[in-house]
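Pasting coords39.cif here (mmCIF, C-alpha atoms):
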data_target
loop_
_atom_site.label_atom_id
_atom_site.label_comp_id
_atom_site.auth_asym_id
_atom_site.auth_seq_id
_atom_site.Cartn_x
_atom_site.Cartn_y
_atom_site.Cartn_z
CA VAL Y 1 -72.37 -231.12 247.22
CA ASN Y 2 -75.94 -230.62 246.04
CA TRP Y 3 -76.56 -231.36 242.38
CA ARG Y 4 -79.46 -230.55 240.10
CA VAL Y 5 -79.86 -233.31 237.58
CA LEU Y 6 -81.36 -233.03 234.10
CA LEU Y 7 -81.83 -236.31 232.23
CA MET Y 8 -81.62 -236.01 228.45
CA ARG Y 9 -82.28 -238.70 225.86
CA SER Y 10 -80.96 -238.19 222.37
CA ARG Y 11 -81.45 -240.44 219.36
CA ARG Y 12 -79.80 -239.96 216.01
CA GLY Y 13 -82.04 -238.75 213.26
CA ARG Y 14 -83.41 -241.16 210.74
CA PRO Y 15 -82.60 -240.32 207.12
CA GLY Y 16 -84.59 -237.21 206.27
CA ASP Y 17 -85.60 -236.54 209.90
CA ALA Y 18 -84.15 -234.42 212.67
CA ARG Y 19 -82.47 -235.82 215.77
CA GLU Y 20 -84.98 -236.70 218.54
CA ILE Y 21 -84.38 -235.22 222.00
CA SER Y 22 -86.42 -235.59 225.19
CA VAL Y 23 -85.62 -234.43 228.72
CA LEU Y 24 -86.77 -235.07 232.29
CA PRO Y 25 -88.00 -232.98 234.02
CA VAL Y 26 -89.98 -231.58 231.10
CA ILE Y 27 -88.72 -228.19 230.01
CA ASN Y 28 -90.01 -225.53 227.67
CA SER Y 29 -87.94 -222.53 228.63
CA GLU Y 30 -86.21 -219.64 226.92
CA THR Y 31 -83.29 -220.19 229.29
CA ALA Y 32 -80.57 -222.80 229.11
CA LEU Y 33 -80.85 -223.61 232.83
CA CYS Y 34 -84.28 -225.27 232.61
CA PRO Y 35 -86.80 -225.47 235.49
CA ALA Y 36 -85.81 -224.72 239.07
CA ARG Y 37 -87.59 -227.77 240.45
CA TYR Y 38 -85.08 -230.60 240.74
CA ARG Y 39 -84.79 -233.36 243.28
CA ARG Y 40 -81.85 -232.67 245.57
CA MET Y 41 -79.25 -235.44 245.39
CA ARG Y 42 -75.97 -236.08 247.17
CA LEU Y 43 -73.43 -237.95 245.12
CA ALA Y 44 -71.06 -240.38 246.80
CA VAL Y 45 -68.21 -242.51 245.49
CA ARG Y 46 -69.23 -246.19 245.63
CA GLY Y 47 -66.60 -247.61 243.34
CA SER Y 48 -66.53 -247.80 239.59
CA ILE Y 49 -69.27 -249.62 237.72
CA SER Y 50 -68.66 -250.77 234.20
CA GLN Y 51 -71.52 -250.34 231.76
CA PRO Y 52 -71.78 -252.24 228.49
CA ALA Y 53 -71.57 -250.07 225.42
CA ALA Y 54 -74.94 -249.25 223.89
CA ALA Y 55 -75.54 -251.16 220.70
CA GLU Y 56 -76.22 -249.18 217.55
CA THR Y 57 -79.77 -249.59 216.27
CA PRO Y 58 -79.57 -251.08 212.78
CA ALA Y 59 -81.09 -248.86 210.13
CA ASN Y 60 -83.50 -251.57 209.01
CA ALA Y 61 -84.96 -252.06 212.52
CA PHE Y 62 -87.47 -249.21 212.15
CA VAL Y 63 -91.08 -250.07 211.41
CA PHE Y 64 -91.24 -247.81 208.34
CA SER Y 65 -88.57 -247.15 205.78
CA SER Y 66 -87.26 -243.64 205.22
CA GLU Y 67 -89.29 -243.38 202.03
CA GLN Y 68 -92.48 -244.45 203.82
CA ARG Y 69 -91.85 -241.97 206.61
CA ARG Y 70 -91.53 -239.14 204.12
CA GLU Y 71 -94.65 -240.19 202.21
CA MET Y 72 -96.74 -240.56 205.38
CA ARG Y 73 -95.25 -237.45 207.01
CA LEU Y 74 -94.97 -239.35 210.28
CA ALA Y 75 -93.22 -236.51 212.10
CA LEU Y 76 -96.33 -234.35 211.56
CA MET Y 77 -98.97 -237.06 211.92
CA LEU Y 78 -100.18 -236.19 215.43
CA ASP Y 79 -100.09 -232.45 214.81
CA SER Y 80 -102.00 -232.82 211.52
CA HIS Y 81 -104.60 -235.06 213.15
CA MET Y 82 -105.25 -232.65 216.02
CA ARG Y 83 -105.44 -229.65 213.70
CA ALA Y 84 -107.93 -231.47 211.47
CA ARG Y 85 -110.16 -232.29 214.46
CA ILE Y 86 -110.06 -228.70 215.70
CA ARG Y 87 -110.77 -227.35 212.22
CA LYS Y 88 -113.80 -229.64 211.83
CA ASN Y 89 -115.20 -228.61 215.24
CA LEU Y 90 -114.76 -224.92 214.40
CA GLU Y 91 -116.45 -225.35 211.04
CA ASP Y 92 -119.35 -227.24 212.67
CA ASP Y 93 -119.74 -224.49 215.27
CA HIS Y 94 -119.66 -221.83 212.59
CA SER Y 95 -122.33 -223.54 210.50
CA GLN Y 96 -124.59 -223.85 213.56
CA TRP Y 97 -123.94 -220.22 214.50
CA LEU Y 98 -125.12 -219.09 211.06
CA LYS Y 99 -128.51 -220.67 211.82
CA VAL Y 100 -129.03 -218.53 214.95
CA SER Y 101 -131.65 -215.87 214.25
CA SER Y 102 -133.41 -215.34 217.60
CA ARG Y 103 -132.62 -215.08 221.29
CA ASP Y 104 -134.09 -218.53 221.97
CA GLU Y 105 -131.86 -220.09 219.32
CA TRP Y 106 -128.84 -218.24 220.71
CA GLU Y 107 -129.56 -219.47 224.24
CA ARG Y 108 -129.78 -223.08 223.02
CA PHE Y 109 -126.52 -222.59 221.12
CA ARG Y 110 -124.89 -221.12 224.25
CA ASP Y 111 -126.28 -223.59 226.79
CA ALA Y 112 -125.07 -226.65 224.88
CA ARG Y 113 -121.50 -225.34 224.87
CA ILE Y 114 -121.53 -224.23 228.50
CA SER Y 115 -122.83 -227.67 229.46
CA ALA Y 116 -120.05 -229.35 227.47
CA LEU Y 117 -117.46 -227.12 229.13
CA ARG Y 118 -118.79 -228.03 232.59
CA ARG Y 119 -118.63 -231.74 231.78
CA TRP Y 120 -115.06 -231.34 230.54
CA LEU Y 121 -113.93 -229.44 233.65
CA GLY Y 122 -115.38 -232.09 235.93
CA GLU Y 123 -116.32 -231.75 239.57
CA PHE Y 124 -114.84 -228.87 241.53
CA PRO Y 125 -113.48 -229.38 245.06
CA ALA Y 126 -115.52 -228.60 248.14
CA ARG Y 127 -115.40 -225.00 249.31
CA VAL Y 128 -113.15 -224.26 252.25
CA PRO Y 129 -113.03 -221.06 254.35
CA LEU Y 130 -111.41 -218.32 252.27
CA ASP Y 131 -109.30 -217.12 255.21
CA VAL Y 132 -108.84 -213.70 253.59
CA ARG Y 133 -105.79 -211.83 254.86
CA VAL Y 134 -104.96 -208.24 253.94
CA THR Y 135 -101.18 -207.93 253.86
CA LYS Y 136 -100.94 -204.29 252.81
CA GLU Y 137 -103.20 -201.28 252.23
CA TYR Y 138 -102.56 -198.25 250.05
CA ALA Y 139 -104.64 -195.06 249.85
CA GLY Y 140 -104.52 -193.32 246.46
CA ALA Y 141 -106.30 -190.34 244.94
CA GLY Y 142 -109.97 -191.34 244.88
CA TYR Y 143 -109.33 -195.03 245.49
CA ARG Y 144 -107.67 -197.50 247.84
CA ARG Y 145 -105.97 -200.81 247.23
CA GLN Y 146 -105.73 -203.90 249.41
CA ASP Y 147 -103.03 -206.48 248.75
CA LEU Y 148 -104.54 -209.71 250.03
CA THR Y 149 -104.47 -213.49 249.95
CA TYR Y 150 -107.29 -216.01 250.04
CA ARG Y 151 -107.49 -219.78 250.08
CA SER Y 152 -109.11 -221.48 247.09
CA ARG Y 153 -108.55 -225.07 248.27
CA PRO Y 154 -106.61 -226.72 251.11
CA GLY Y 155 -103.00 -225.60 250.87
CA MET Y 156 -103.62 -223.35 247.83
CA ILE Y 157 -103.14 -219.63 248.50
CA VAL Y 158 -104.15 -217.05 245.88
CA THR Y 159 -102.55 -213.59 245.85
CA ALA Y 160 -104.69 -210.67 244.64
CA ASN Y 161 -105.20 -206.91 244.61
CA LEU Y 162 -108.58 -205.46 245.52
CA TYR Y 163 -109.23 -201.90 244.33
CA LEU Y 164 -112.01 -200.04 246.13
CA PRO Y 165 -113.52 -196.55 246.05
CA ALA Y 166 -112.07 -194.20 248.65
CA GLN Y 167 -115.51 -194.17 250.30
CA VAL Y 168 -118.03 -197.01 249.91
CA SER Y 169 -121.72 -196.20 250.33
CA GLY Y 170 -124.28 -198.99 250.10
CA HIS Y 171 -123.76 -201.86 247.69
CA ILE Y 172 -121.39 -201.37 244.76
CA PRO Y 173 -120.76 -203.38 241.55
CA GLY Y 174 -117.82 -205.77 241.33
CA ILE Y 175 -115.40 -206.81 238.60
CA VAL Y 176 -113.07 -209.81 238.65
CA ILE Y 177 -110.15 -209.53 236.20
CA THR Y 178 -108.03 -212.47 235.07
CA HIS Y 179 -104.72 -211.38 233.60
CA SER Y 180 -103.16 -212.53 230.34
CA HIS Y 181 -100.74 -215.44 230.08
CA HIS Y 182 -97.50 -213.49 230.25
CA ARG Y 183 -97.92 -210.83 232.95
CA PRO Y 184 -99.21 -211.06 236.56
CA ARG Y 185 -101.72 -208.86 238.42
CA THR Y 186 -99.16 -206.04 238.74
CA GLN Y 187 -99.16 -205.41 234.97
CA ALA Y 188 -99.48 -201.66 234.35
CA GLU Y 189 -102.75 -201.69 232.41
CA LEU Y 190 -104.35 -203.96 235.01
CA GLN Y 191 -103.48 -201.42 237.70
CA ASP Y 192 -104.91 -198.69 235.46
CA MET Y 193 -108.20 -200.60 235.15
CA GLY Y 194 -108.39 -201.20 238.89
CA ILE Y 195 -107.75 -197.54 239.73
CA LEU Y 196 -110.05 -196.17 237.00
CA TRP Y 197 -113.06 -198.29 237.91
CA ALA Y 198 -112.53 -197.97 241.66
CA ARG Y 199 -112.73 -194.19 241.22
CA GLN Y 200 -116.07 -194.77 239.48
CA GLY Y 201 -117.46 -196.64 242.50
CA VAL Y 202 -116.64 -200.25 241.56
CA ALA Y 203 -114.75 -202.97 243.46
CA VAL Y 204 -112.10 -204.57 241.22
CA LEU Y 205 -110.39 -207.85 242.16
CA ILE Y 206 -107.29 -208.82 240.16
CA LEU Y 207 -105.73 -212.15 241.07
CA ASP Y 208 -102.49 -213.92 240.18
CA GLN Y 209 -103.12 -217.07 238.18
CA VAL Y 210 -101.19 -220.22 239.04
CA GLY Y 211 -97.55 -219.82 238.01
CA HIS Y 212 -97.62 -216.01 237.80
CA GLY Y 213 -96.60 -213.14 240.06
CA GLU Y 214 -96.30 -214.20 243.70
CA ARG Y 215 -97.45 -217.70 242.69
CA ILE Y 216 -94.44 -218.24 240.44
CA GLN Y 217 -93.51 -221.89 239.98
CA MET Y 218 -90.36 -221.46 237.91
CA TYR Y 219 -87.77 -218.77 237.27
CA PRO Y 220 -88.93 -215.15 237.84
CA TRP Y 221 -87.75 -214.11 234.39
CA ASN Y 222 -89.47 -212.41 231.48
CA ARG Y 223 -92.68 -214.13 230.35
CA GLU Y 224 -91.71 -217.28 232.26
CA GLY Y 225 -95.38 -217.83 233.13
CA TYR Y 226 -95.77 -219.41 229.69
CA HIS Y 227 -93.37 -222.21 230.61
CA SER Y 228 -94.82 -222.58 234.09
CA ARG Y 229 -98.26 -223.27 232.59
CA TYR Y 230 -96.77 -225.75 230.14
CA THR Y 231 -95.02 -227.80 232.82
CA MET Y 232 -97.74 -227.57 235.49
CA GLY Y 233 -100.42 -228.41 232.95
CA MET Y 234 -98.77 -231.72 232.08
CA GLN Y 235 -98.17 -232.53 235.75
CA LEU Y 236 -101.85 -231.97 236.52
CA TYR Y 237 -102.97 -234.06 233.53
CA VAL Y 238 -100.89 -236.97 234.86
CA ALA Y 239 -102.75 -236.55 238.19
CA GLY Y 240 -106.14 -236.60 236.43
CA GLU Y 241 -106.67 -232.83 236.75
CA SER Y 242 -106.32 -229.86 234.42
CA LEU Y 243 -104.70 -226.45 234.79
CA VAL Y 244 -107.76 -224.77 233.29
CA LYS Y 245 -109.94 -226.30 236.00
CA TRP Y 246 -107.62 -225.00 238.73
CA MET Y 247 -107.58 -221.52 237.19
CA VAL Y 248 -111.38 -221.49 236.90
CA TRP Y 249 -111.78 -222.55 240.52
CA ASP Y 250 -109.40 -219.84 241.74
CA THR Y 251 -111.53 -217.30 239.85
CA ILE Y 252 -114.80 -218.68 241.22
CA ARG Y 253 -113.41 -218.38 244.75
CA GLY Y 254 -112.45 -214.78 243.93
CA ILE Y 255 -116.12 -214.12 243.17
CA ASP Y 256 -116.98 -215.78 246.49
CA LEU Y 257 -114.61 -213.31 248.16
CA LEU Y 258 -116.60 -210.37 246.74
CA LEU Y 259 -119.91 -211.94 247.76
CA GLU Y 260 -118.74 -212.46 251.34
CA ARG Y 261 -117.74 -208.82 251.79
CA GLY Y 262 -121.27 -207.56 252.32
CA ASP Y 263 -120.81 -204.31 250.38
CA ILE Y 264 -120.98 -205.81 246.85
CA ASP Y 265 -124.17 -205.98 244.77
CA LYS Y 266 -124.43 -209.72 244.04
CA ASP Y 267 -126.47 -209.01 240.90
CA LYS Y 268 -123.80 -206.73 239.44
CA ILE Y 269 -120.61 -208.79 239.24
CA ILE Y 270 -118.85 -209.32 235.93
CA MET Y 271 -115.59 -210.92 234.84
CA LEU Y 272 -113.06 -209.58 232.36
CA GLY Y 273 -109.87 -211.18 231.15
CA ALA Y 274 -107.59 -212.44 228.44
#
Kindly transcribe the structure held in the file into structure tokens.
Amino acid sequence: VNWRVLLMRSRRGRPGDAREISVLPVINSETALCPARYRRMRLAVRGSISQPAAAETPANAFVFSSEQRREMRLALMLDSHMRARIRKNLEDDHSQWLKVSSRDEWERFRDARISALRRWLGEFPARVPLDVRVTKEYAGAGYRRQDLTYRSRPGMIVTANLYLPAQVSGHIPGIVITHSHHRPRTQAELQDMGILWARQGVAVLILDQVGHGERIQMYPWNREGYHSRYTMGMQLYVAGESLVKWMVWDTIRGIDLLLERGDIDKDKIIMLGA
């Protein structure tokens, strides 16, 4: 018999506090079944093993008393600290933005933040051949659509839709669209944008982000991409990476895909997204 195991740790609540619960693997799902990724195990009878009863933690063993915990708001300490840091950074940015009165000042304001973002993302992987494969083609009224895949890094396949004019003449502009956090590339308004702009002579590439659409990592249920990002993000942080960095690199490689086509104006490529 194959079993899927969820480990749960529960500790009684201190006076004035809620019960503390943690689980492994990490879950953040609107379903009761939790993530689909479990290690397969086969249970076998090896004889009974007696376990000593867990000792009750004495109430006075905690570092802070119940009164101190309430006064210090320990349950909200980390959240309050992070919110205060974010608020200060936003206020500092706003005060510096108010000083911008020329294009040169705006470019210095912009460049400092782009540079900080690049440092935070870190070094991207080496480029590998995209190995673009068109899996399906559809001809519509005034446009055509290619369902395709490309490779952003070794072993990482990105699924995407490429909307093109029915007839391409010369070099045309390109748009790369990144979808919102809860719907994949097949979302209705994304298809509308692809069709509309393709009919106007533009190439539109809409890709599935990690954990969405055909790149689903968890259950294929409503808005489950939220939980996929949550779980994958923490897994990547443990490995010294970040989900944002992976999503950015997938998008950059999507731009590379347009540039390699030969019919896209390299000076007229923009990105839209949520």
What is the atom CA of Y:Glu91-atom CA of Y:Phe109 distance in Å, reported with one decimal? 14.5 Å
Starting from the PyMOL selection byres ((chain Y and resi 203) around 9), expand the selection into actual residues of this file and give them as a ChimeraX atom specification. /Y:162-165,172-176,194,197-198,201-202,204-205,258,264
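Interatomic distance, atom CA of Y:Arg133 against atom CA of Y:Tyr150: 6.6 Å.
A straight line drawn from atom CA of Y:Arg185 to atom CA of Y:Ser169 is 26.5 Å long.
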With all atoms listed in the file as the counted atoms, please give the residues lying no more than 12 Å from Y:Leu117, apart from itself and same-chain residues fewer than 6 positions off, as a list in words. Arg110, Asp111, Glu123, Val244, Lys245 and Val248 of chain Y
Please produce a file of the residues just selected, as an mmCIF file, in the frame of the given file, where the atoms kept are C-alpha atoms.
data_model
loop_
_atom_site.group_PDB
_atom_site.id
_atom_site.type_symbol
_atom_site.label_atom_id
_atom_site.label_comp_id
_atom_site.auth_asym_id
_atom_site.auth_seq_id
_atom_site.Cartn_x
_atom_site.Cartn_y
_atom_site.Cartn_z
ATOM 1 C CA ARG Y 110 -124.890 -221.120 224.250
ATOM 2 C CA ASP Y 111 -126.280 -223.590 226.790
ATOM 3 C CA GLU Y 123 -116.320 -231.750 239.570
ATOM 4 C CA VAL Y 244 -107.760 -224.770 233.290
ATOM 5 C CA LYS Y 245 -109.940 -226.300 236.000
ATOM 6 C CA VAL Y 248 -111.380 -221.490 236.900
#
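Comparing Y:Ala188, Y:Val210, Y:Ala166, Y:Ala239 by their smallest distance to Y:His227, the closest is Y:Val210 (using only C-alpha atoms).
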Translate the PyMOL selection byres ((chain Y and resi 252) around 12), as applied to the file shown, into an explicit residue set as a PDB file with C-alpha atoms, keeping the file's coordinate frame.
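Dumped everything to expr-v2.pdb:
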ATOM      1  CA  PHE Y 124    -114.840-228.870 241.530  1.00  0.00           C
ATOM      2  CA  PRO Y 125    -113.480-229.380 245.060  1.00  0.00           C
ATOM      3  CA  ARG Y 127    -115.400-225.000 249.310  1.00  0.00           C
ATOM      4  CA  LEU Y 130    -111.410-218.320 252.270  1.00  0.00           C
ATOM      5  CA  TYR Y 150    -107.290-216.010 250.040  1.00  0.00           C
ATOM      6  CA  ARG Y 151    -107.490-219.780 250.080  1.00  0.00           C
ATOM      7  CA  SER Y 152    -109.110-221.480 247.090  1.00  0.00           C
ATOM      8  CA  ARG Y 153    -108.550-225.070 248.270  1.00  0.00           C
ATOM      9  CA  VAL Y 158    -104.150-217.050 245.880  1.00  0.00           C
ATOM     10  CA  VAL Y 176    -113.070-209.810 238.650  1.00  0.00           C
ATOM     11  CA  ILE Y 177    -110.150-209.530 236.200  1.00  0.00           C
ATOM     12  CA  THR Y 178    -108.030-212.470 235.070  1.00  0.00           C
ATOM     13  CA  LEU Y 205    -110.390-207.850 242.160  1.00  0.00           C
ATOM     14  CA  LEU Y 207    -105.730-212.150 241.070  1.00  0.00           C
ATOM     15  CA  LYS Y 245    -109.940-226.300 236.000  1.00  0.00           C
ATOM     16  CA  TRP Y 246    -107.620-225.000 238.730  1.00  0.00           C
ATOM     17  CA  MET Y 247    -107.580-221.520 237.190  1.00  0.00           C
ATOM     18  CA  VAL Y 248    -111.380-221.490 236.900  1.00  0.00           C
ATOM     19  CA  TRP Y 249    -111.780-222.550 240.520  1.00  0.00           C
ATOM     20  CA  ASP Y 250    -109.400-219.840 241.740  1.00  0.00           C
ATOM     21  CA  THR Y 251    -111.530-217.300 239.850  1.00  0.00           C
ATOM     22  CA  ARG Y 253    -113.410-218.380 244.750  1.00  0.00           C
ATOM     23  CA  GLY Y 254    -112.450-214.780 243.930  1.00  0.00           C
ATOM     24  CA  ILE Y 255    -116.120-214.120 243.170  1.00  0.00           C
ATOM     25  CA  ASP Y 256    -116.980-215.780 246.490  1.00  0.00           C
ATOM     26  CA  LEU Y 257    -114.610-213.310 248.160  1.00  0.00           C
ATOM     27  CA  LEU Y 258    -116.600-210.370 246.740  1.00  0.00           C
ATOM     28  CA  LEU Y 259    -119.910-211.940 247.760  1.00  0.00           C
ATOM     29  CA  ILE Y 269    -120.610-208.790 239.240  1.00  0.00           C
ATOM     30  CA  ILE Y 270    -118.850-209.320 235.930  1.00  0.00           C
ATOM     31  CA  MET Y 271    -115.590-210.920 234.840  1.00  0.00           C
TER      32      MET Y 271
END
